Amino acid sequence: MRIPFMAGNWKMFKTKAEAKAFAEEFKGLYEGTDVETAICAPFTTLEVLVEEFGGTKIGVGAQNVHFADEGAYTGEISVGMLEEIGVDFCIVGHSERRQYFGETDETVNLKLKKLLTSSIRPIMCAGESLEQRDAGKLFDVVKGQLINGLEGISRDDMIKIVVAYEPIWAIGTGRTATPEQAGEMCAFIRNTLIEMYDEDVADQVIIQYGGSVKPANATEIMNMEEIDGALVGGASLKAKDFMEIIDF
Ligand code: PGA
């Protein structure tokens, strides 16, 4: 039985003070909810969120990490640094990182492997561009991201990874994939995991949809059989909106 999991992705939004104000409001709204949740926030707000959400079931996630233990990598943050402040999740391979910061399937793979040596669960993003969808390459693209990104990852580790299907054309555009389009790709991802691993593993992996998820469309997306949760950008910035999505 997979428990629904809704993660917020704040991207480069919110100062420490803003994160604290969100957390104070959100904690109260979330209390008593069964759906699992986490907020993936800027590095500078992680410690505040870990403190604020202490004693609750609300998780805290980073949005990126480096794959080396330490070293001369100006501007980067290590898995150990995230672990030290008590982070539970880390997004890997978001399309914005692939597009603007040179993230590749190879670095995604290295980051996943490093995270899996820690207690931090990766949220691995995959998804096609509009051009790739229009050219009918959507399934090949996503399958390639999975095969290359997950190369060498064991069954036991695969179960810890959350996979987020995020079609690039639906991110921040207000243009959500239809529930059928989202459901079709999430089912394809689960089938690919059956091919790569087995049914038992694929059954346990949480697969999220992400891309313009809002209170108004959360129910129809969550009604799709193979969608176990959502990765929510813009609509996770307001505690009430995000809570409405969690309460789908
Ligand atoms: P959006 O972003 O919900 O603002 O479309 C989703 C994401 O990029 O994770």
# chains A, B, ... in the order shown; residues from 1 in each chain; ligands from 1
call {"tool": "residues_near_ligand", "arguments": {"ligand": "ligand 1", "cutoff": "9 Å", "atoms": "only C-alpha atoms and all ligand atoms", "output": "MDAnalysis selection string"}}
result
chainID A and resid 7:11 94:96 125 164 166 168:176 209:214 230:236
call {"tool": "select_by_dssp", "arguments": {"residues": "segment 47-232 of chain A", "states": "helix (DSSP H, G or I)", "output": "short mmCIF file (atom, residue, chain, number, x, y, z; two decimals) with N, CA, C and O atoms, in the first residue's frame"}}
result
data_model
loop_
_atom_site.label_atom_id
_atom_site.label_comp_id
_atom_site.auth_asym_id
_atom_site.auth_seq_id
_atom_site.Cartn_x
_atom_site.Cartn_y
_atom_site.Cartn_z
N GLU A 47 17.36 24.86 7.93
CA GLU A 47 17.50 24.68 9.37
C GLU A 47 16.27 25.20 10.11
O GLU A 47 15.79 24.57 11.05
N VAL A 48 15.78 26.32 9.67
CA VAL A 48 14.57 26.90 10.28
C VAL A 48 13.40 25.93 10.14
O VAL A 48 12.64 25.70 11.09
N LEU A 49 13.28 25.33 8.96
CA LEU A 49 12.15 24.41 8.73
C LEU A 49 12.29 23.14 9.56
O LEU A 49 11.31 22.65 10.12
N VAL A 50 13.52 22.61 9.65
CA VAL A 50 13.73 21.40 10.46
C VAL A 50 13.33 21.69 11.90
O VAL A 50 12.65 20.90 12.55
N GLU A 51 13.71 22.87 12.38
CA GLU A 51 13.35 23.26 13.76
C GLU A 51 11.85 23.39 13.92
O GLU A 51 11.25 22.83 14.83
N GLU A 52 11.23 24.12 13.00
CA GLU A 52 9.79 24.38 13.07
C GLU A 52 8.97 23.09 12.97
O GLU A 52 7.94 22.96 13.61
N VAL A 79 26.13 16.03 0.88
CA VAL A 79 25.11 15.21 1.55
C VAL A 79 25.30 15.26 3.07
O VAL A 79 24.34 15.40 3.83
N GLY A 80 26.57 15.20 3.51
CA GLY A 80 26.85 15.25 4.94
C GLY A 80 26.36 16.55 5.58
O GLY A 80 25.86 16.56 6.71
N MET A 81 26.49 17.65 4.85
CA MET A 81 26.03 18.95 5.38
C MET A 81 24.52 18.95 5.55
O MET A 81 23.98 19.48 6.52
N LEU A 82 23.83 18.33 4.59
CA LEU A 82 22.36 18.26 4.68
C LEU A 82 21.94 17.33 5.81
O LEU A 82 20.99 17.61 6.54
N GLU A 83 22.66 16.22 5.93
CA GLU A 83 22.33 15.25 6.98
C GLU A 83 22.49 15.88 8.36
O GLU A 83 21.68 15.66 9.25
N GLU A 84 23.55 16.69 8.48
CA GLU A 84 23.83 17.29 9.78
C GLU A 84 22.67 18.17 10.27
O GLU A 84 22.38 18.22 11.46
N SER A 95 14.17 19.60 -13.89
CA SER A 95 14.43 20.08 -15.25
C SER A 95 15.08 21.46 -15.26
O SER A 95 15.85 21.78 -16.17
N GLU A 96 14.80 22.28 -14.24
CA GLU A 96 15.45 23.60 -14.19
C GLU A 96 16.95 23.45 -13.95
O GLU A 96 17.76 24.23 -14.45
N ARG A 97 17.32 22.44 -13.19
CA ARG A 97 18.75 22.18 -12.97
C ARG A 97 19.37 21.57 -14.22
O ARG A 97 20.52 21.84 -14.54
N ARG A 98 18.62 20.74 -14.91
CA ARG A 98 19.14 20.16 -16.16
C ARG A 98 19.33 21.27 -17.19
O ARG A 98 20.31 21.32 -17.92
N GLN A 99 18.36 22.19 -17.24
CA GLN A 99 18.38 23.25 -18.26
C GLN A 99 19.39 24.36 -17.98
O GLN A 99 20.10 24.79 -18.87
N TYR A 100 19.44 24.83 -16.72
CA TYR A 100 20.27 26.01 -16.42
C TYR A 100 21.59 25.69 -15.75
O TYR A 100 22.46 26.55 -15.68
N ASP A 105 22.06 13.10 -16.87
CA ASP A 105 21.70 11.79 -16.29
C ASP A 105 22.87 11.23 -15.48
O ASP A 105 22.68 10.56 -14.48
N GLU A 106 24.08 11.54 -15.94
CA GLU A 106 25.26 11.02 -15.25
C GLU A 106 25.41 11.66 -13.85
O GLU A 106 25.69 10.97 -12.88
N THR A 107 25.23 12.98 -13.77
CA THR A 107 25.36 13.61 -12.44
C THR A 107 24.17 13.23 -11.56
O THR A 107 24.30 13.10 -10.35
N VAL A 108 23.01 13.05 -12.19
CA VAL A 108 21.84 12.59 -11.43
C VAL A 108 22.17 11.25 -10.78
O VAL A 108 21.95 11.03 -9.59
N ASN A 109 22.77 10.36 -11.55
CA ASN A 109 23.13 9.03 -11.06
C ASN A 109 24.12 9.12 -9.89
O ASN A 109 23.95 8.46 -8.86
N LEU A 110 25.14 9.98 -10.04
CA LEU A 110 26.14 10.12 -8.97
C LEU A 110 25.50 10.70 -7.70
O LEU A 110 25.80 10.27 -6.59
N LYS A 111 24.60 11.66 -7.89
CA LYS A 111 23.94 12.28 -6.73
C LYS A 111 23.02 11.30 -6.03
O LYS A 111 22.97 11.23 -4.79
N LEU A 112 22.29 10.51 -6.82
CA LEU A 112 21.40 9.50 -6.22
C LEU A 112 22.23 8.52 -5.39
O LEU A 112 21.88 8.22 -4.24
N LYS A 113 23.32 8.05 -5.97
CA LYS A 113 24.14 7.06 -5.27
C LYS A 113 24.71 7.64 -3.97
O LYS A 113 24.76 6.95 -2.96
N LYS A 114 25.12 8.88 -4.01
CA LYS A 114 25.67 9.49 -2.79
C LYS A 114 24.56 9.66 -1.74
O LYS A 114 24.75 9.33 -0.56
N LEU A 115 23.41 10.12 -2.16
CA LEU A 115 22.30 10.30 -1.21
C LEU A 115 21.91 8.96 -0.57
O LEU A 115 21.55 8.90 0.60
N LEU A 130 8.31 19.90 -24.62
CA LEU A 130 7.17 19.92 -25.54
C LEU A 130 7.60 19.41 -26.92
O LEU A 130 6.87 18.65 -27.57
N GLU A 131 8.80 19.84 -27.31
CA GLU A 131 9.34 19.41 -28.60
C GLU A 131 9.44 17.88 -28.67
O GLU A 131 9.07 17.25 -29.66
N GLN A 132 9.94 17.30 -27.60
CA GLN A 132 10.09 15.84 -27.55
C GLN A 132 8.73 15.15 -27.54
O GLN A 132 8.54 14.12 -28.18
N ARG A 133 7.77 15.74 -26.82
CA ARG A 133 6.42 15.15 -26.82
C ARG A 133 5.82 15.23 -28.23
O ARG A 133 5.30 14.24 -28.74
N ASP A 134 5.92 16.41 -28.85
CA ASP A 134 5.33 16.59 -30.17
C ASP A 134 5.96 15.66 -31.21
O ASP A 134 5.32 15.25 -32.16
N LEU A 138 8.36 11.10 -26.25
CA LEU A 138 8.21 11.26 -24.79
C LEU A 138 8.58 10.02 -24.00
O LEU A 138 9.28 10.10 -22.98
N PHE A 139 8.16 8.85 -24.46
CA PHE A 139 8.43 7.63 -23.69
C PHE A 139 9.92 7.26 -23.74
O PHE A 139 10.49 6.86 -22.74
N ASP A 140 10.52 7.44 -24.93
CA ASP A 140 11.96 7.14 -25.05
C ASP A 140 12.78 8.05 -24.15
O ASP A 140 13.75 7.62 -23.52
N VAL A 141 12.40 9.34 -24.11
CA VAL A 141 13.16 10.30 -23.31
C VAL A 141 13.10 9.93 -21.83
O VAL A 141 14.11 9.85 -21.14
N VAL A 142 11.89 9.68 -21.34
CA VAL A 142 11.73 9.38 -19.91
C VAL A 142 12.40 8.05 -19.57
O VAL A 142 13.08 7.92 -18.55
N LYS A 143 12.24 7.07 -20.46
CA LYS A 143 12.89 5.77 -20.21
C LYS A 143 14.41 5.92 -20.15
O LYS A 143 15.07 5.35 -19.28
N GLY A 144 14.97 6.73 -21.04
CA GLY A 144 16.42 6.98 -21.04
C GLY A 144 16.86 7.63 -19.73
O GLY A 144 17.89 7.26 -19.16
N GLN A 145 16.07 8.60 -19.25
CA GLN A 145 16.42 9.27 -17.99
C GLN A 145 16.42 8.26 -16.83
O GLN A 145 17.25 8.31 -15.94
N LEU A 146 15.45 7.34 -16.87
CA LEU A 146 15.36 6.33 -15.79
C LEU A 146 16.53 5.34 -15.89
O LEU A 146 17.21 5.07 -14.90
N ILE A 147 16.75 4.81 -17.09
CA ILE A 147 17.79 3.79 -17.24
C ILE A 147 19.17 4.36 -16.89
O ILE A 147 19.93 3.75 -16.15
N ASN A 148 19.47 5.55 -17.39
CA ASN A 148 20.78 6.14 -17.13
C ASN A 148 20.89 6.70 -15.70
O ASN A 148 21.91 6.56 -15.04
N GLY A 149 19.84 7.35 -15.25
CA GLY A 149 19.87 7.96 -13.92
C GLY A 149 19.93 6.92 -12.81
O GLY A 149 20.50 7.16 -11.74
N ARG A 155 17.91 -2.91 -5.83
CA ARG A 155 16.46 -2.99 -5.55
C ARG A 155 16.16 -2.31 -4.22
O ARG A 155 15.21 -1.55 -4.11
N ASP A 156 16.95 -2.64 -3.19
CA ASP A 156 16.68 -2.09 -1.86
C ASP A 156 16.77 -0.56 -1.86
O ASP A 156 16.02 0.11 -1.16
N ASP A 157 17.71 -0.03 -2.64
CA ASP A 157 17.83 1.42 -2.71
C ASP A 157 16.73 2.04 -3.56
O ASP A 157 16.24 3.13 -3.29
N MET A 158 16.32 1.34 -4.61
CA MET A 158 15.29 1.88 -5.50
C MET A 158 14.00 2.18 -4.74
O MET A 158 13.32 3.17 -5.01
N ILE A 168 8.24 19.08 -18.89
CA ILE A 168 8.80 20.44 -18.81
C ILE A 168 7.78 21.49 -19.25
O ILE A 168 7.70 22.58 -18.69
N TRP A 169 6.95 21.13 -20.22
CA TRP A 169 5.98 22.09 -20.76
C TRP A 169 4.85 22.41 -19.77
O TRP A 169 4.08 23.34 -19.98
N ALA A 170 4.77 21.66 -18.69
CA ALA A 170 3.69 21.91 -17.72
C ALA A 170 4.19 22.60 -16.46
O ALA A 170 3.42 22.91 -15.57
N PRO A 179 -5.11 14.68 -16.69
CA PRO A 179 -4.91 13.53 -15.79
C PRO A 179 -4.54 12.28 -16.58
O PRO A 179 -3.71 11.48 -16.14
N GLU A 180 -5.10 12.15 -17.78
CA GLU A 180 -4.80 10.96 -18.61
C GLU A 180 -3.34 10.98 -19.07
O GLU A 180 -2.66 9.95 -19.04
N GLN A 181 -2.87 12.15 -19.51
CA GLN A 181 -1.46 12.23 -19.95
C GLN A 181 -0.51 11.94 -18.78
O GLN A 181 0.47 11.21 -18.92
N ALA A 182 -0.83 12.51 -17.61
CA ALA A 182 0.01 12.30 -16.43
C ALA A 182 -0.05 10.84 -15.99
O ALA A 182 0.98 10.22 -15.72
N GLY A 183 -1.26 10.29 -15.98
CA GLY A 183 -1.44 8.91 -15.55
C GLY A 183 -0.77 7.92 -16.49
O GLY A 183 -0.17 6.93 -16.06
N GLU A 184 -0.84 8.22 -17.78
CA GLU A 184 -0.24 7.34 -18.78
C GLU A 184 1.27 7.25 -18.57
O GLU A 184 1.86 6.17 -18.58
N MET A 185 1.91 8.43 -18.35
CA MET A 185 3.36 8.39 -18.18
C MET A 185 3.74 7.77 -16.84
O MET A 185 4.74 7.05 -16.76
N CYS A 186 2.97 8.03 -15.79
CA CYS A 186 3.32 7.42 -14.49
C CYS A 186 3.18 5.90 -14.58
O CYS A 186 3.99 5.17 -14.00
N ALA A 187 2.19 5.42 -15.33
CA ALA A 187 2.05 3.96 -15.53
C ALA A 187 3.23 3.44 -16.33
O ALA A 187 3.78 2.36 -16.04
N PHE A 188 3.66 4.21 -17.32
CA PHE A 188 4.82 3.81 -18.12
C PHE A 188 6.08 3.73 -17.24
O PHE A 188 6.89 2.81 -17.38
N ILE A 189 6.22 4.70 -16.35
CA ILE A 189 7.38 4.70 -15.44
C ILE A 189 7.33 3.44 -14.55
O ILE A 189 8.34 2.76 -14.38
N ARG A 190 6.14 3.12 -14.05
CA ARG A 190 6.06 1.93 -13.19
C ARG A 190 6.40 0.66 -14.01
O ARG A 190 7.11 -0.21 -13.53
N ASN A 191 5.93 0.60 -15.23
CA ASN A 191 6.25 -0.56 -16.08
C ASN A 191 7.75 -0.64 -16.37
O ASN A 191 8.32 -1.73 -16.41
N THR A 192 8.35 0.52 -16.58
CA THR A 192 9.80 0.53 -16.81
C THR A 192 10.53 0.02 -15.57
O THR A 192 11.51 -0.71 -15.68
N LEU A 193 10.03 0.37 -14.39
CA LEU A 193 10.66 -0.12 -13.15
C LEU A 193 10.47 -1.63 -13.01
O LEU A 193 11.33 -2.32 -12.46
N ILE A 194 9.34 -2.15 -13.52
CA ILE A 194 9.15 -3.61 -13.51
C ILE A 194 10.22 -4.25 -14.40
O ILE A 194 10.86 -5.22 -14.02
N GLU A 195 10.43 -3.65 -15.59
CA GLU A 195 11.46 -4.19 -16.50
C GLU A 195 12.85 -4.10 -15.89
O GLU A 195 13.66 -5.01 -16.02
N MET A 196 13.14 -2.98 -15.22
CA MET A 196 14.49 -2.76 -14.68
C MET A 196 14.71 -3.55 -13.39
O MET A 196 15.83 -3.95 -13.10
N GLU A 199 8.27 -6.57 -10.17
CA GLU A 199 6.97 -6.05 -9.80
C GLU A 199 6.93 -5.59 -8.34
O GLU A 199 6.32 -4.58 -8.01
N ASP A 200 7.60 -6.36 -7.50
CA ASP A 200 7.60 -6.06 -6.08
C ASP A 200 8.21 -4.67 -5.81
O ASP A 200 7.67 -3.87 -5.05
N VAL A 201 9.32 -4.39 -6.47
CA VAL A 201 9.98 -3.09 -6.31
C VAL A 201 9.08 -1.99 -6.90
O VAL A 201 8.77 -0.99 -6.24
N ALA A 202 8.64 -2.20 -8.13
CA ALA A 202 7.84 -1.18 -8.82
C ALA A 202 6.58 -0.82 -8.03
O ALA A 202 6.15 0.33 -8.00
N ASP A 203 6.01 -1.81 -7.38
CA ASP A 203 4.80 -1.62 -6.58
C ASP A 203 5.01 -0.69 -5.39
O ASP A 203 4.07 -0.07 -4.90
N GLN A 204 6.23 -0.66 -4.91
CA GLN A 204 6.51 0.11 -3.68
C GLN A 204 6.99 1.53 -3.96
O GLN A 204 7.00 2.36 -3.06
N ALA A 218 -5.96 19.01 -8.24
CA ALA A 218 -5.28 17.95 -7.47
C ALA A 218 -6.11 16.66 -7.42
O ALA A 218 -5.56 15.57 -7.55
N THR A 219 -7.41 16.80 -7.25
CA THR A 219 -8.25 15.59 -7.10
C THR A 219 -8.19 14.73 -8.35
O THR A 219 -7.98 13.53 -8.27
N GLU A 220 -8.40 15.36 -9.51
CA GLU A 220 -8.44 14.54 -10.74
C GLU A 220 -7.08 13.91 -11.04
O GLU A 220 -7.02 12.80 -11.56
N ILE A 221 -6.01 14.60 -10.68
CA ILE A 221 -4.69 14.01 -10.89
C ILE A 221 -4.49 12.84 -9.93
O ILE A 221 -4.06 11.75 -10.32
N MET A 222 -4.86 13.05 -8.67
CA MET A 222 -4.66 11.98 -7.66
C MET A 222 -5.59 10.80 -7.88
O MET A 222 -5.34 9.72 -7.35
#
call {"tool": "residues_around", "arguments": {"residues": "Lys16 of chain A", "least_positions_apart": "2", "cutoff": "10 Å", "atoms": "only C-alpha atoms", "output": "PyMOL selection string"}}
result
chain A and resi 14+18-22+42-49
call {"tool": "select_by_dssp", "arguments": {"residues": "segment 23-225 of chain A", "states": "strand (DSSP E)", "output": "PyMOL selection string"}}
result
chain A and resi 36-40+59-62+89-92+121-126+162-165+207-210
call {"tool": "write_last_selection", "arguments": {"atoms": "N, CA and C atoms", "output": "mmCIF file, in the first residue's frame"}}
result
data_model
loop_
_atom_site.group_PDB
_atom_site.id
_atom_site.type_symbol
_atom_site.label_atom_id
_atom_site.label_comp_id
_atom_site.auth_asym_id
_atom_site.auth_seq_id
_atom_site.Cartn_x
_atom_site.Cartn_y
_atom_site.Cartn_z
ATOM 1 N N GLU A 36 1.343 11.993 3.436
ATOM 2 C CA GLU A 36 2.693 12.415 3.823
ATOM 3 C C GLU A 36 3.102 13.655 3.042
ATOM 4 N N THR A 37 3.941 14.457 3.647
ATOM 5 C CA THR A 37 4.331 15.693 2.975
ATOM 6 C C THR A 37 5.741 16.130 3.355
ATOM 7 N N ALA A 38 6.309 16.954 2.500
ATOM 8 C CA ALA A 38 7.620 17.553 2.769
ATOM 9 C C ALA A 38 7.704 18.857 2.000
ATOM 10 N N ILE A 39 8.505 19.764 2.509
ATOM 11 C CA ILE A 39 8.769 21.023 1.815
ATOM 12 C C ILE A 39 10.234 21.025 1.389
ATOM 13 N N CYS A 40 10.474 21.139 0.072
ATOM 14 C CA CYS A 40 11.840 21.233 -0.449
ATOM 15 C C CYS A 40 12.138 22.715 -0.659
ATOM 16 N N GLY A 59 8.092 16.562 6.511
ATOM 17 C CA GLY A 59 9.499 16.401 6.149
ATOM 18 C C GLY A 59 10.074 17.684 5.562
ATOM 19 N N VAL A 60 11.400 17.713 5.509
ATOM 20 C CA VAL A 60 12.095 18.861 4.917
ATOM 21 C C VAL A 60 13.049 18.327 3.852
ATOM 22 N N GLY A 61 13.063 18.999 2.707
ATOM 23 C CA GLY A 61 13.925 18.550 1.619
ATOM 24 C C GLY A 61 14.763 19.681 1.052
ATOM 25 N N ALA A 62 15.933 19.309 0.506
ATOM 26 C CA ALA A 62 16.744 20.252 -0.265
ATOM 27 C C ALA A 62 16.352 20.092 -1.735
ATOM 28 N N PHE A 89 14.734 14.733 2.654
ATOM 29 C CA PHE A 89 14.612 14.479 1.214
ATOM 30 C C PHE A 89 15.541 15.400 0.437
ATOM 31 N N CYS A 90 15.798 15.037 -0.818
ATOM 32 C CA CYS A 90 16.522 15.949 -1.706
ATOM 33 C C CYS A 90 16.062 15.719 -3.146
ATOM 34 N N ILE A 91 15.635 16.769 -3.800
ATOM 35 C CA ILE A 91 15.271 16.684 -5.218
ATOM 36 C C ILE A 91 16.556 16.519 -6.032
ATOM 37 N N VAL A 92 16.504 15.645 -7.025
ATOM 38 C CA VAL A 92 17.655 15.439 -7.913
ATOM 39 C C VAL A 92 17.172 15.471 -9.356
ATOM 40 N N ARG A 121 16.212 10.727 1.534
ATOM 41 C CA ARG A 121 15.562 10.061 0.386
ATOM 42 C C ARG A 121 15.552 10.982 -0.834
ATOM 43 N N PRO A 122 16.013 10.480 -1.978
ATOM 44 C CA PRO A 122 15.998 11.304 -3.188
ATOM 45 C C PRO A 122 14.599 11.387 -3.820
ATOM 46 N N ILE A 123 14.303 12.536 -4.374
ATOM 47 C CA ILE A 123 13.129 12.696 -5.243
ATOM 48 C C ILE A 123 13.714 12.954 -6.633
ATOM 49 N N MET A 124 13.663 11.932 -7.480
ATOM 50 C CA MET A 124 14.307 12.023 -8.789
ATOM 51 C C MET A 124 13.298 12.497 -9.840
ATOM 52 N N CYS A 125 13.634 13.582 -10.530
ATOM 53 C CA CYS A 125 12.713 14.119 -11.539
ATOM 54 C C CYS A 125 13.050 13.611 -12.938
ATOM 55 N N ALA A 126 12.009 13.368 -13.716
ATOM 56 C CA ALA A 126 12.167 12.985 -15.122
ATOM 57 C C ALA A 126 11.014 13.620 -15.893
ATOM 58 N N VAL A 162 11.882 8.402 -4.599
ATOM 59 C CA VAL A 162 10.596 8.880 -5.108
ATOM 60 C C VAL A 162 10.860 9.344 -6.537
ATOM 61 N N VAL A 163 10.017 8.933 -7.483
ATOM 62 C CA VAL A 163 10.194 9.390 -8.862
ATOM 63 C C VAL A 163 9.107 10.440 -9.150
ATOM 64 N N ALA A 164 9.527 11.596 -9.651
ATOM 65 C CA ALA A 164 8.558 12.637 -9.994
ATOM 66 C C ALA A 164 8.540 12.821 -11.512
ATOM 67 N N TYR A 165 7.393 12.550 -12.112
ATOM 68 C CA TYR A 165 7.246 12.817 -13.551
ATOM 69 C C TYR A 165 6.833 14.265 -13.725
ATOM 70 N N ILE A 207 5.401 7.327 -7.108
ATOM 71 C CA ILE A 207 5.549 8.099 -8.346
ATOM 72 C C ILE A 207 4.636 9.328 -8.258
ATOM 73 N N GLN A 208 5.283 10.482 -8.354
ATOM 74 C CA GLN A 208 4.530 11.745 -8.286
ATOM 75 C C GLN A 208 4.375 12.341 -9.680
ATOM 76 N N TYR A 209 3.349 13.169 -9.819
ATOM 77 C CA TYR A 209 3.242 14.023 -10.998
ATOM 78 C C TYR A 209 3.560 15.453 -10.555
ATOM 79 N N GLY A 210 4.246 16.206 -11.393
ATOM 80 C CA GLY A 210 4.487 17.612 -11.090
ATOM 81 C C GLY A 210 4.352 18.464 -12.333
#
call {"tool": "atom_distance", "arguments": {"atom1": "atom CA of Gly75 of chain A", "atom2": "atom CA of Gln63 of chain A"}}
result
14.0 Å
call {"tool": "closest_residue", "arguments": {"among": "A:Ile58, A:Leu150, A:Met12, A:Ala17", "to": "Met243 of chain A", "atoms": "only C-alpha atoms"}}
result
A:Ile58
call {"tool": "decode", "arguments": {"residues": "segment 113-120 of chain A", "atoms": "all heavy atoms", "output": "compact mmCIF listing (two decimals), in the first residue's frame"}}
result
# COMPACT_ATOMS: atom_id res chain seq x y z
N LYS A 113 23.32 8.05 -5.97
CA LYS A 113 24.14 7.06 -5.27
C LYS A 113 24.71 7.64 -3.97
O LYS A 113 24.76 6.95 -2.96
CB LYS A 113 25.28 6.56 -6.17
CG LYS A 113 24.76 5.57 -7.22
CD LYS A 113 25.86 5.12 -8.14
CE LYS A 113 25.36 4.04 -9.09
NZ LYS A 113 26.19 3.93 -10.28
N LYS A 114 25.12 8.88 -4.01
CA LYS A 114 25.67 9.49 -2.79
C LYS A 114 24.56 9.66 -1.74
O LYS A 114 24.75 9.33 -0.56
CB LYS A 114 26.33 10.83 -3.13
CG LYS A 114 26.97 11.54 -1.97
CD LYS A 114 27.97 10.70 -1.20
CE LYS A 114 29.26 10.50 -1.96
NZ LYS A 114 30.24 9.69 -1.21
N LEU A 115 23.41 10.12 -2.16
CA LEU A 115 22.30 10.30 -1.21
C LEU A 115 21.91 8.96 -0.57
O LEU A 115 21.55 8.90 0.60
CB LEU A 115 21.07 10.90 -1.91
CG LEU A 115 21.13 12.41 -2.17
CD1 LEU A 115 20.06 12.82 -3.16
CD2 LEU A 115 20.98 13.19 -0.86
N LEU A 116 21.99 7.90 -1.37
CA LEU A 116 21.55 6.59 -0.87
C LEU A 116 22.52 6.00 0.16
O LEU A 116 22.21 5.01 0.80
CB LEU A 116 21.34 5.63 -2.06
CG LEU A 116 20.08 5.98 -2.88
CD1 LEU A 116 20.13 5.33 -4.25
CD2 LEU A 116 18.81 5.62 -2.14
N THR A 117 23.68 6.64 0.35
CA THR A 117 24.57 6.22 1.44
C THR A 117 24.16 6.94 2.73
O THR A 117 24.76 6.73 3.78
CB THR A 117 26.05 6.57 1.15
OG1 THR A 117 26.18 8.01 1.09
CG2 THR A 117 26.52 5.98 -0.17
N SER A 118 23.17 7.81 2.65
CA SER A 118 22.74 8.59 3.82
C SER A 118 21.29 8.24 4.14
O SER A 118 20.69 7.36 3.53
CB SER A 118 22.83 10.09 3.48
OG SER A 118 21.72 10.48 2.68
N SER A 119 20.73 8.95 5.10
CA SER A 119 19.32 8.71 5.45
C SER A 119 18.38 9.60 4.63
O SER A 119 17.18 9.61 4.83
CB SER A 119 19.13 9.00 6.94
OG SER A 119 19.54 10.33 7.20
N ILE A 120 18.94 10.39 3.71
CA ILE A 120 18.12 11.33 2.92
C ILE A 120 17.54 10.64 1.70
O ILE A 120 18.27 10.03 0.92
CB ILE A 120 18.97 12.55 2.49
CG1 ILE A 120 19.53 13.25 3.73
CG2 ILE A 120 18.15 13.51 1.63
CD1 ILE A 120 20.54 14.35 3.42
